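**Student:** Next up, work-v3.pdb (PDB, C-alpha atoms).
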ATOM      1  CA  MET O  24     -85.382 -79.205  40.998
ATOM      2  CA  THR O  25     -87.539 -79.690  38.006
ATOM      3  CA  GLY O  26     -86.738 -82.454  35.540
ATOM      4  CA  ALA O  27     -83.724 -83.712  37.482
ATOM      5  CA  GLY O  28     -85.213 -87.186  38.152
ATOM      6  CA  ASN O  29     -86.214 -88.156  34.585
ATOM      7  CA  GLY O  30     -83.019 -87.858  32.581
ATOM      8  CA  ASN O  31     -83.299 -89.952  29.399
ATOM      9  CA  ARG O  32     -85.424 -92.764  30.933
ATOM     10  CA  MET O  33     -88.511 -93.947  29.075
ATOM     11  CA  PRO O  34     -91.801 -92.746  30.555
ATOM     12  CA  VAL O  35     -93.609 -95.431  32.575
ATOM     13  CA  GLU O  36     -96.656 -95.436  30.375
ATOM     14  CA  SER O  37     -94.574 -96.029  27.211
ATOM     15  CA  ALA O  38     -92.845 -99.099  28.723
ATOM     16  CA  CYS O  39     -96.209-100.599  29.684
ATOM     17  CA  GLN O  40     -97.509-100.061  26.203
ATOM     18  CA  ILE O  41     -94.455-101.873  24.702
ATOM     19  CA  GLU O  42     -94.831-104.807  27.109
ATOM     20  CA  SER O  43     -98.516-105.088  26.215
ATOM     21  CA  ALA O  44     -97.716-105.078  22.500
ATOM     22  CA  ALA O  45     -95.036-107.755  22.968
ATOM     23  CA  GLY O  46     -97.462-109.930  24.902
ATOM     24  CA  LYS O  47    -100.055-109.652  22.189
ATOM     25  CA  SER O  48     -97.560-110.644  19.484
ATOM     26  CA  ALA O  49     -96.570-113.793  21.508
ATOM     27  CA  ILE O  50    -100.166-115.067  21.573
ATOM     28  CA  PRO O  51    -100.762-117.321  18.513
ATOM     29  CA  THR O  52    -103.526-116.333  16.183
ATOM     30  CA  GLY O  53    -106.349-118.718  15.395
ATOM     31  CA  SER O  54    -104.634-120.080  12.283
ATOM     32  CA  GLU O  55    -101.333-120.464  14.117
ATOM     33  CA  GLN O  56    -103.043-122.338  16.937
ATOM     34  CA  LEU O  57    -104.626-124.688  14.404
ATOM     35  CA  ARG O  58    -101.264-125.267  12.715
ATOM     36  CA  LEU O  59     -99.590-126.016  16.054
ATOM     37  CA  ARG O  60    -102.405-128.381  17.023
ATOM     38  CA  VAL O  61    -102.131-130.271  13.742
ATOM     39  CA  GLN O  62     -98.360-130.544  14.186
ATOM     40  CA  GLN O  63     -98.812-131.785  17.745
ATOM     41  CA  LEU O  64    -101.323-134.439  16.666
ATOM     42  CA  SER O  65     -98.994-135.584  13.883
ATOM     43  CA  LEU O  66     -96.103-136.037  16.313
ATOM     44  CA  ARG O  67     -98.348-137.905  18.741
ATOM     45  CA  GLU O  68     -99.528-140.186  15.945
ATOM     46  CA  GLN O  69     -95.904-140.969  15.038
ATOM     47  CA  LEU O  70     -95.143-141.880  18.660
ATOM     48  CA  GLU O  71     -98.219-144.099  18.918
ATOM     49  CA  ARG O  72     -97.469-145.840  15.604
ATOM     50  CA  ASN O  73     -93.914-146.523  16.674
ATOM     51  CA  HIS O  74     -95.072-147.834  20.059
ATOM     52  CA  PHE O  75     -97.580-150.129  18.341
ATOM     53  CA  LEU O  76     -94.878-151.445  16.013
ATOM     54  CA  LEU O  77     -92.398-152.055  18.834
ATOM     55  CA  GLU O  78     -95.036-154.021  20.735
ATOM     56  CA  ARG O  79     -95.628-156.245  17.697
ATOM     57  CA  LEU O  80     -91.907-156.736  17.081
ATOM     58  CA  ALA O  81     -91.388-157.658  20.730
ATOM     59  CA  ALA O  82     -94.237-160.188  20.572
ATOM     60  CA  ALA O  83     -92.873-161.739  17.359
ATOM     61  CA  SER O  84     -89.341-161.911  18.735
ATOM     62  CA  ALA O  85     -90.491-163.512  21.991
ATOM     63  CA  ARG O  86     -92.491-166.111  20.040
ATOM     64  CA  LEU O  87     -89.473-167.064  17.924
ATOM     65  CA  ILE O  88     -87.184-167.282  20.969
ATOM     66  CA  ARG O  89     -89.634-169.581  22.780
ATOM     67  CA  THR O  90     -89.909-171.744  19.678
ATOM     68  CA  VAL O  91     -86.368-172.506  18.547
ATOM     69  CA  GLU O  92     -85.571-174.986  21.312
ATOM     70  CA  HIS O  93     -88.730-177.069  21.292
ATOM     71  CA  ASP O  94     -91.484-176.106  18.813
ATOM     72  CA  ASN O  95     -91.870-175.905  15.052
ATOM     73  CA  VAL O  96     -90.444-172.571  13.803
ATOM     74  CA  PHE O  97     -92.560-172.707  10.641
ATOM     75  CA  GLU O  98     -95.728-173.087  12.686
ATOM     76  CA  ALA O  99     -94.690-170.318  15.084
ATOM     77  CA  THR O 100     -93.935-167.931  12.204
ATOM     78  CA  ALA O 101     -97.281-168.767  10.611
ATOM     79  CA  GLU O 102     -98.970-167.940  13.930
ATOM     80  CA  ILE O 103     -97.157-164.586  14.019
ATOM     81  CA  ILE O 104     -98.417-163.843  10.510
ATOM     82  CA  ALA O 105    -101.951-164.928  11.418
ATOM     83  CA  ASN O 106    -102.168-163.002  14.687
ATOM     84  CA  LEU O 107    -100.191-159.868  13.864
ATOM     85  CA  ILE O 108    -100.671-159.482  10.105
ATOM     86  CA  GLY O 109    -103.897-161.307   9.338
ATOM     87  CA  SER O 110    -103.438-164.307   7.048
ATOM     88  CA  GLU O 111    -104.009-167.986   7.718
ATOM     89  CA  GLU O 112    -102.802-169.095   4.281
ATOM     90  CA  VAL O 113     -99.019-169.362   4.372
ATOM     91  CA  ALA O 114     -96.348-171.468   2.676
ATOM     92  CA  PHE O 115     -92.599-171.636   3.274
ATOM     93  CA  LEU O 116     -90.524-172.424   0.215
ATOM     94  CA  ASP O 117     -86.859-173.393   0.455
ATOM     95  CA  TYR O 118     -84.575-171.979  -2.208
ATOM     96  CA  GLY O 119     -81.377-173.654  -3.330
ATOM     97  CA  VAL O 120     -78.793-171.134  -4.482
ATOM     98  CA  ALA O 121     -76.766-173.778  -6.325
ATOM     99  CA  ASP O 122     -79.590-175.178  -8.465
ATOM    100  CA  LYS O 123     -81.893-172.118  -8.170
ATOM    101  CA  ALA O 124     -84.795-174.404  -7.371
ATOM    102  CA  PHE O 125     -87.722-174.065  -4.976
ATOM    103  CA  SER O 126     -89.086-176.819  -2.769
ATOM    104  CA  LEU O 127     -91.938-176.827  -0.282
ATOM    105  CA  ALA O 128     -90.755-176.754   3.327
ATOM    106  CA  TRP O 129     -94.062-176.289   5.156
ATOM    107  CA  SER O 130     -97.530-174.900   4.523
ATOM    108  CA  TRP O 131    -100.683-174.001   6.393
ATOM    109  CA  GLY O 132    -104.119-173.395   4.921
ATOM    110  CA  VAL O 133    -102.989-173.755   1.286
ATOM    111  CA  GLU O 134    -103.754-176.685  -1.011
ATOM    112  CA  ALA O 135    -100.817-178.552  -2.588
ATOM    113  CA  ASP O 136    -102.229-177.935  -6.078
ATOM    114  CA  THR O 137    -102.195-174.198  -5.412
ATOM    115  CA  LEU O 138     -98.532-174.295  -4.465
ATOM    116  CA  GLN O 139     -97.252-176.403  -7.361
ATOM    117  CA  PRO O 140     -96.846-173.522  -9.891
ATOM    118  CA  PHE O 141     -94.804-171.516  -7.375
ATOM    119  CA  LEU O 142     -92.145-174.237  -7.248
ATOM    120  CA  ASN O 143     -91.228-173.419 -10.860
ATOM    121  CA  GLY O 144     -89.844-170.033  -9.817
ATOM    122  CA  ALA O 145     -92.185-167.960 -11.969
ATOM    123  CA  GLY O 146     -93.856-164.752 -10.887
ATOM    124  CA  MET O 147     -93.380-162.857  -7.653
ATOM    125  CA  CYS O 148     -91.485-165.566  -5.764
ATOM    126  CA  GLY O 149     -88.968-165.882  -8.586
ATOM    127  CA  ARG O 150     -88.526-162.107  -8.730
ATOM    128  CA  ALA O 151     -88.098-161.980  -4.959
ATOM    129  CA  VAL O 152     -85.003-164.197  -4.991
ATOM    130  CA  GLU O 153     -83.637-162.717  -8.223
ATOM    131  CA  GLU O 154     -83.888-159.136  -6.983
ATOM    132  CA  GLY O 155     -83.220-159.913  -3.323
ATOM    133  CA  THR O 156     -86.327-157.960  -2.338
ATOM    134  CA  SER O 157     -89.686-159.057  -0.980
ATOM    135  CA  GLN O 158     -92.536-158.680  -3.453
ATOM    136  CA  PHE O 159     -96.029-157.415  -2.647
ATOM    137  CA  ARG O 160     -99.136-157.710  -4.786
ATOM    138  CA  GLU O 161    -100.215-154.124  -4.024
ATOM    139  CA  ARG O 162     -96.979-152.848  -5.566
ATOM    140  CA  GLN O 163     -97.193-154.927  -8.732
ATOM    141  CA  PRO O 164     -98.810-153.872 -12.013
ATOM    142  CA  GLU O 165    -101.828-156.084 -12.638
ATOM    143  CA  THR O 166    -100.381-157.077 -16.009
ATOM    144  CA  SER O 167     -97.330-158.633 -14.319
ATOM    145  CA  LEU O 168     -99.380-161.017 -12.170
ATOM    146  CA  LEU O 169     -99.686-164.581 -13.411
ATOM    147  CA  PRO O 170    -103.021-166.451 -13.264
ATOM    148  CA  PHE O 171    -101.947-168.647 -10.330
ATOM    149  CA  GLU O 172    -101.041-165.535  -8.301
ATOM    150  CA  LYS O 173    -104.601-164.193  -8.073
ATOM    151  CA  ASP O 174    -104.818-164.953  -4.334
ATOM    152  CA  LEU O 175    -101.208-164.095  -3.497
ATOM    153  CA  THR O 176    -100.551-161.160  -1.146
ATOM    154  CA  ALA O 177     -96.773-161.277  -0.718
ATOM    155  CA  CYS O 178     -93.583-163.233  -1.279
ATOM    156  CA  VAL O 179     -91.259-162.413   1.611
ATOM    157  CA  ILE O 180     -87.608-163.375   1.241
ATOM    158  CA  LEU O 181     -85.863-165.345   3.991
ATOM    159  CA  LYS O 182     -82.278-164.145   4.257
ATOM    160  CA  SER O 183     -79.564-165.730   6.412
ATOM    161  CA  SER O 184     -76.019-164.293   6.362
ATOM    162  CA  ARG O 185     -76.997-162.218   3.301
ATOM    163  CA  GLU O 186     -77.952-165.382   1.432
ATOM    164  CA  ILE O 187     -81.558-165.941   0.403
ATOM    165  CA  VAL O 188     -82.555-169.379   1.645
ATOM    166  CA  GLY O 189     -86.273-169.268   0.849
ATOM    167  CA  VAL O 190     -89.466-167.260   0.749
ATOM    168  CA  ILE O 191     -92.674-167.002   2.702
ATOM    169  CA  ALA O 192     -95.661-166.984   0.357
ATOM    170  CA  ILE O 193     -98.606-165.234   2.005
ATOM    171  CA  PHE O 194    -101.937-165.772   0.288
ATOM    172  CA  GLY O 195    -105.387-164.471   1.243
ATOM    173  CA  LEU O 196    -105.867-162.039   4.114
ATOM    174  CA  LEU O 197    -108.571-162.492   6.739
ATOM    175  CA  PRO O 198    -111.976-160.951   5.812
ATOM    176  CA  GLN O 199    -111.528-158.023   8.203
ATOM    177  CA  LYS O 200    -108.109-157.233   6.751
ATOM    178  CA  HIS O 201    -108.379-155.297   3.489
ATOM    179  CA  ARG O 202    -104.718-154.623   2.767
ATOM    180  CA  LEU O 203    -101.253-154.614   4.283
ATOM    181  CA  GLU O 204    -100.440-151.562   6.381
ATOM    182  CA  TRP O 205     -97.250-149.737   7.338
ATOM    183  CA  ALA O 206     -96.704-151.809  10.487
ATOM    184  CA  ASP O 207     -97.242-155.039   8.497
ATOM    185  CA  TYR O 208     -94.429-154.167   6.105
ATOM    186  CA  GLU O 209     -92.122-153.379   9.027
ATOM    187  CA  LEU O 210     -92.964-156.689  10.737
ATOM    188  CA  LEU O 211     -92.330-158.598   7.516
ATOM    189  CA  LYS O 212     -88.889-156.936   7.281
ATOM    190  CA  PHE O 213     -88.199-158.346  10.736
ATOM    191  CA  LEU O 214     -89.267-161.836   9.620
ATOM    192  CA  GLU O 215     -87.061-161.632   6.509
ATOM    193  CA  THR O 216     -84.022-161.988   8.742
ATOM    194  CA  TYR O 217     -85.092-163.407  12.062
ATOM    195  CA  ALA O 218     -87.510-166.079  10.859
ATOM    196  CA  ALA O 219     -84.712-167.237   8.529
ATOM    197  CA  ILE O 220     -82.228-167.344  11.419
ATOM    198  CA  ALA O 221     -84.690-169.270  13.596
ATOM    199  CA  ILE O 222     -85.309-171.807  10.799
ATOM    200  CA  GLN O 223     -81.586-172.272  10.206
ATOM    201  CA  PHE O 224     -80.923-172.619  13.937
ATOM    202  CA  GLN O 225     -83.598-175.275  14.366
ATOM    203  CA  ARG O 226     -82.371-177.243  11.379
ATOM    204  CA  LEU O 227     -78.802-177.268  12.698
ATOM    205  CA  GLN O 228     -80.117-178.325  16.066
ATOM    206  CA  GLY O 229     -82.000-181.191  14.409
ATOM    207  CA  LYS O 230     -78.814-182.387  12.724
ATOM    208  CA  GLN O 231     -76.937-182.387  16.020
ATOM    209  CA  LEU O 232     -79.663-184.402  17.724
ATOM    210  CA  ALA O 233     -79.998-186.913  14.888
ATOM    211  CA  PRO O 234     -78.514-190.354  15.719
TER     212      PRO O 234
END
Produce structure tokens that represent the structure in this file.

**Tutor:**
Amino acid sequence: MTGAGNGNRMPVESACQIESAAGKSAIPTGSEQLRLRVQQLSLREQLERNHFLLERLAAASARLIRTVEHDNVFEATAEIIANLIGSEEVAFLDYGVADKAFSLAWSWGVEADTLQPFLNGAGMCGRAVEEGTSQFRERQPETSLLPFEKDLTACVILKSSREIVGVIAIFGLLPQKHRLEWADYELLKFLETYAAIAIQFQRLQGKQLAP
């Protein structure tokens, strides 16, 4: 019975050839492998950056929580900035919404004479409260900087219940720190709200304990 067993089925050798061709097409070429490797490294970098940031945010949050009951919130926030951002020249300025005036709340590593011009509301600190947005030297045109701002790195707003209650003026960075980085900006966003809340909490606590 010749030919009765084949019918319309594909010859064995043809099926093997198709499977071999399909296998070859599934194997990435050299350029595709490079592209996939670059994509993989990029995703890994994103994960590592996010992990690094979350560790810093957790450390900052834990420091503020430990502080509000017993220690000085200004000092604790300055330590967060020194250890996690890299500046030991920090001033906290209160801002009165009613009179639109600045006053010095606390400072560390900055001379009083250096701070005096900032109390007039000129420059970056004034723009920070007017625009409701933290100001950074790296994002300012050089022509907009005033002479007394030559050592200023940032003016970070302190916002409680959507009301700006002050700013953190950050001056010179440590020698090994050349500029603010992505994680620094994210940490400063955290301090915009939660340092302000911690300061407000401690002040209310002080009023309750006052005789």

**Student:** Here's a test: counting all atoms listed in the file, identify every protein, DNA and RNA residue with an atom at most 12 Å from (-83.7, -164.6, -0.7) in the file's coordinate frame, and state them as a count of residues only.

**Tutor:** 36

**Student:** Do you know which residues are at most 8 Å from range 62-78 of chain O counting all atoms listed in the file, after dropping those on the same chain fewer than 3 positions away, and could you put them as a compact mmCIF listing (two decimals) with C-alpha atoms, in the coordinates of the input?

**Tutor:**
# COMPACT_ATOMS: atom_id res chain seq x y z
CA ARG O 58 -101.26 -125.27 12.72
CA LEU O 59 -99.59 -126.02 16.05
CA ALA O 81 -91.39 -157.66 20.73
CA ALA O 82 -94.24 -160.19 20.57
CA ALA O 206 -96.70 -151.81 10.49
CA GLU O 209 -92.12 -153.38 9.03
CA LEU O 210 -92.96 -156.69 10.74

**Student:** Under the PyMOL selection byres ((chain O and resi 96-106) around 7), which residues of this model are included? Write them out as a PyMOL selection string.

**Tutor:** chain O and resi 83+86-87+90-91+94-95+107-111+113+129+218+221-222

**Student:** Emit the selected residues as a short mmCIF file (atom, residue, chain, number, x, y, z; two decimals), keeping the file's coordinate frame, including C-alpha atoms.

**Tutor:**
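The result, written out as selection30.cif:
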data_model
loop_
_atom_site.label_atom_id
_atom_site.label_comp_id
_atom_site.auth_asym_id
_atom_site.auth_seq_id
_atom_site.Cartn_x
_atom_site.Cartn_y
_atom_site.Cartn_z
CA ALA O 83 -92.87 -161.74 17.36
CA ARG O 86 -92.49 -166.11 20.04
CA LEU O 87 -89.47 -167.06 17.92
CA THR O 90 -89.91 -171.74 19.68
CA VAL O 91 -86.37 -172.51 18.55
CA ASP O 94 -91.48 -176.11 18.81
CA ASN O 95 -91.87 -175.90 15.05
CA LEU O 107 -100.19 -159.87 13.86
CA ILE O 108 -100.67 -159.48 10.10
CA GLY O 109 -103.90 -161.31 9.34
CA SER O 110 -103.44 -164.31 7.05
CA GLU O 111 -104.01 -167.99 7.72
CA VAL O 113 -99.02 -169.36 4.37
CA TRP O 129 -94.06 -176.29 5.16
CA ALA O 218 -87.51 -166.08 10.86
CA ALA O 221 -84.69 -169.27 13.60
CA ILE O 222 -85.31 -171.81 10.80
#

**Student:** Using all atoms listed in the file, which residues sit within 12 Å of Leu168 in chain O once same-chain residues fewer than 2 positions away are excluded, as JSON, numbers by chain?

**Tutor:** {"O": [145, 146, 147, 148, 150, 158, 159, 160, 161, 162, 163, 164, 165, 166, 170, 171, 172, 173, 174, 175, 176, 177]}

**Student:** Would you compute the distance between CA of Leu196 in chain O and CA of Leu127 in chain O? Give it in Å to one decimal.

**Tutor:** 20.8 Å

**Student:** Between O:Ser84, O:Glu134, O:His201, O:Glu92, single out the one closest to Phe224 in chain O, counting all atoms listed in the file.

**Tutor:**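 Using all atoms listed in the file, Phe224 in chain O sits closest to O:Glu92.
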
**Student:** Please indicate the distance in Å from CA of Ile88 in chain O to CA of Gly132 in chain O, rounded to one decimal place.

**Tutor:**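 Going from CA of Ile88 in chain O over to CA of Gly132 in chain O covers 24.1 Å.
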
**Student:** In Å to one decimal, how far is CA of Ala128 in chain O from CA of Glu204 in chain O?

**Tutor:**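 For CA of Glu204 in chain O relative to CA of Ala128 in chain O, the distance reads 27.2 Å.
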
**Student:** Using only C-alpha atoms, which of O:Ala114, O:Leu203, O:Leu169, O:Leu232 sits nearest Ser130 in chain O?

**Tutor:**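 Checking each of O:Ala114, O:Leu203, O:Leu169, O:Leu232 against Ser130 in chain O, counting only C-alpha atoms, the winner is O:Ala114.
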
**Student:** What would range 75-86 of chain O look like with all heavy atoms in place, written as a short mmCIF file (atom, residue, chain, number, x, y, z; two decimals), keeping the file's coordinate frame?

**Tutor:**
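Generated output (rebuild19.cif):
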data_model
loop_
_atom_site.label_atom_id
_atom_site.label_comp_id
_atom_site.auth_asym_id
_atom_site.auth_seq_id
_atom_site.Cartn_x
_atom_site.Cartn_y
_atom_site.Cartn_z
N PHE O 75 -96.82 -148.97 18.82
CA PHE O 75 -97.58 -150.13 18.34
C PHE O 75 -96.67 -151.11 17.61
O PHE O 75 -96.73 -152.32 17.83
CB PHE O 75 -98.70 -149.63 17.42
CG PHE O 75 -99.50 -150.72 16.76
CD1 PHE O 75 -100.22 -151.62 17.52
CD2 PHE O 75 -99.54 -150.83 15.38
CE1 PHE O 75 -100.97 -152.62 16.91
CE2 PHE O 75 -100.28 -151.83 14.76
CZ PHE O 75 -100.99 -152.73 15.53
N LEU O 76 -95.80 -150.59 16.75
CA LEU O 76 -94.88 -151.44 16.01
C LEU O 76 -93.91 -152.15 16.95
O LEU O 76 -93.68 -153.36 16.81
CB LEU O 76 -94.09 -150.62 14.98
CG LEU O 76 -92.97 -151.36 14.25
CD1 LEU O 76 -93.52 -152.52 13.44
CD2 LEU O 76 -92.19 -150.40 13.37
N LEU O 77 -93.35 -151.44 17.90
CA LEU O 77 -92.40 -152.06 18.83
C LEU O 77 -93.05 -153.16 19.65
O LEU O 77 -92.42 -154.19 19.93
CB LEU O 77 -91.81 -150.98 19.77
CG LEU O 77 -90.87 -149.98 19.10
CD1 LEU O 77 -90.45 -148.90 20.09
CD2 LEU O 77 -89.64 -150.67 18.52
N GLU O 78 -94.32 -152.97 20.01
CA GLU O 78 -95.04 -154.02 20.74
C GLU O 78 -95.17 -155.27 19.87
O GLU O 78 -94.97 -156.40 20.35
CB GLU O 78 -96.43 -153.52 21.13
CG GLU O 78 -96.43 -152.58 22.32
CD GLU O 78 -97.84 -152.25 22.77
OE1 GLU O 78 -98.75 -152.20 21.92
OE2 GLU O 78 -98.03 -152.05 23.97
N ARG O 79 -95.48 -155.10 18.60
CA ARG O 79 -95.63 -156.24 17.70
C ARG O 79 -94.29 -156.94 17.46
O ARG O 79 -94.21 -158.17 17.44
CB ARG O 79 -96.23 -155.78 16.36
CG ARG O 79 -97.61 -155.20 16.50
CD ARG O 79 -98.11 -154.66 15.17
NE ARG O 79 -98.70 -155.69 14.36
CZ ARG O 79 -99.04 -155.54 13.08
NH1 ARG O 79 -98.82 -154.40 12.50
NH2 ARG O 79 -99.57 -156.53 12.41
N LEU O 80 -93.23 -156.15 17.29
CA LEU O 80 -91.91 -156.74 17.08
C LEU O 80 -91.47 -157.51 18.32
O LEU O 80 -90.88 -158.60 18.20
CB LEU O 80 -90.89 -155.64 16.75
CG LEU O 80 -91.05 -154.95 15.40
CD1 LEU O 80 -90.04 -153.82 15.26
CD2 LEU O 80 -90.90 -155.94 14.25
N ALA O 81 -91.75 -156.97 19.49
CA ALA O 81 -91.39 -157.66 20.73
C ALA O 81 -92.15 -158.98 20.86
O ALA O 81 -91.58 -160.00 21.27
CB ALA O 81 -91.67 -156.76 21.93
N ALA O 82 -93.43 -158.97 20.50
CA ALA O 82 -94.24 -160.19 20.57
C ALA O 82 -93.72 -161.24 19.59
O ALA O 82 -93.62 -162.42 19.92
CB ALA O 82 -95.70 -159.86 20.29
N ALA O 83 -93.39 -160.81 18.37
CA ALA O 83 -92.87 -161.74 17.36
C ALA O 83 -91.52 -162.31 17.79
O ALA O 83 -91.27 -163.52 17.66
CB ALA O 83 -92.74 -161.03 16.01
N SER O 84 -90.66 -161.46 18.30
CA SER O 84 -89.34 -161.91 18.74
C SER O 84 -89.45 -162.90 19.88
O SER O 84 -88.78 -163.95 19.89
CB SER O 84 -88.50 -160.70 19.17
OG SER O 84 -87.22 -161.11 19.59
N ALA O 85 -90.30 -162.60 20.85
CA ALA O 85 -90.49 -163.51 21.99
C ALA O 85 -91.03 -164.86 21.53
O ALA O 85 -90.61 -165.91 22.04
CB ALA O 85 -91.44 -162.87 23.00
N ARG O 86 -91.93 -164.84 20.55
CA ARG O 86 -92.49 -166.11 20.04
C ARG O 86 -91.41 -166.95 19.37
O ARG O 86 -91.35 -168.17 19.55
CB ARG O 86 -93.62 -165.81 19.06
CG ARG O 86 -94.32 -167.06 18.51
CD ARG O 86 -95.13 -167.73 19.60
NE ARG O 86 -95.82 -168.91 19.11
CZ ARG O 86 -95.37 -170.16 19.20
NH1 ARG O 86 -94.18 -170.41 19.76
NH2 ARG O 86 -96.06 -171.17 18.74
#
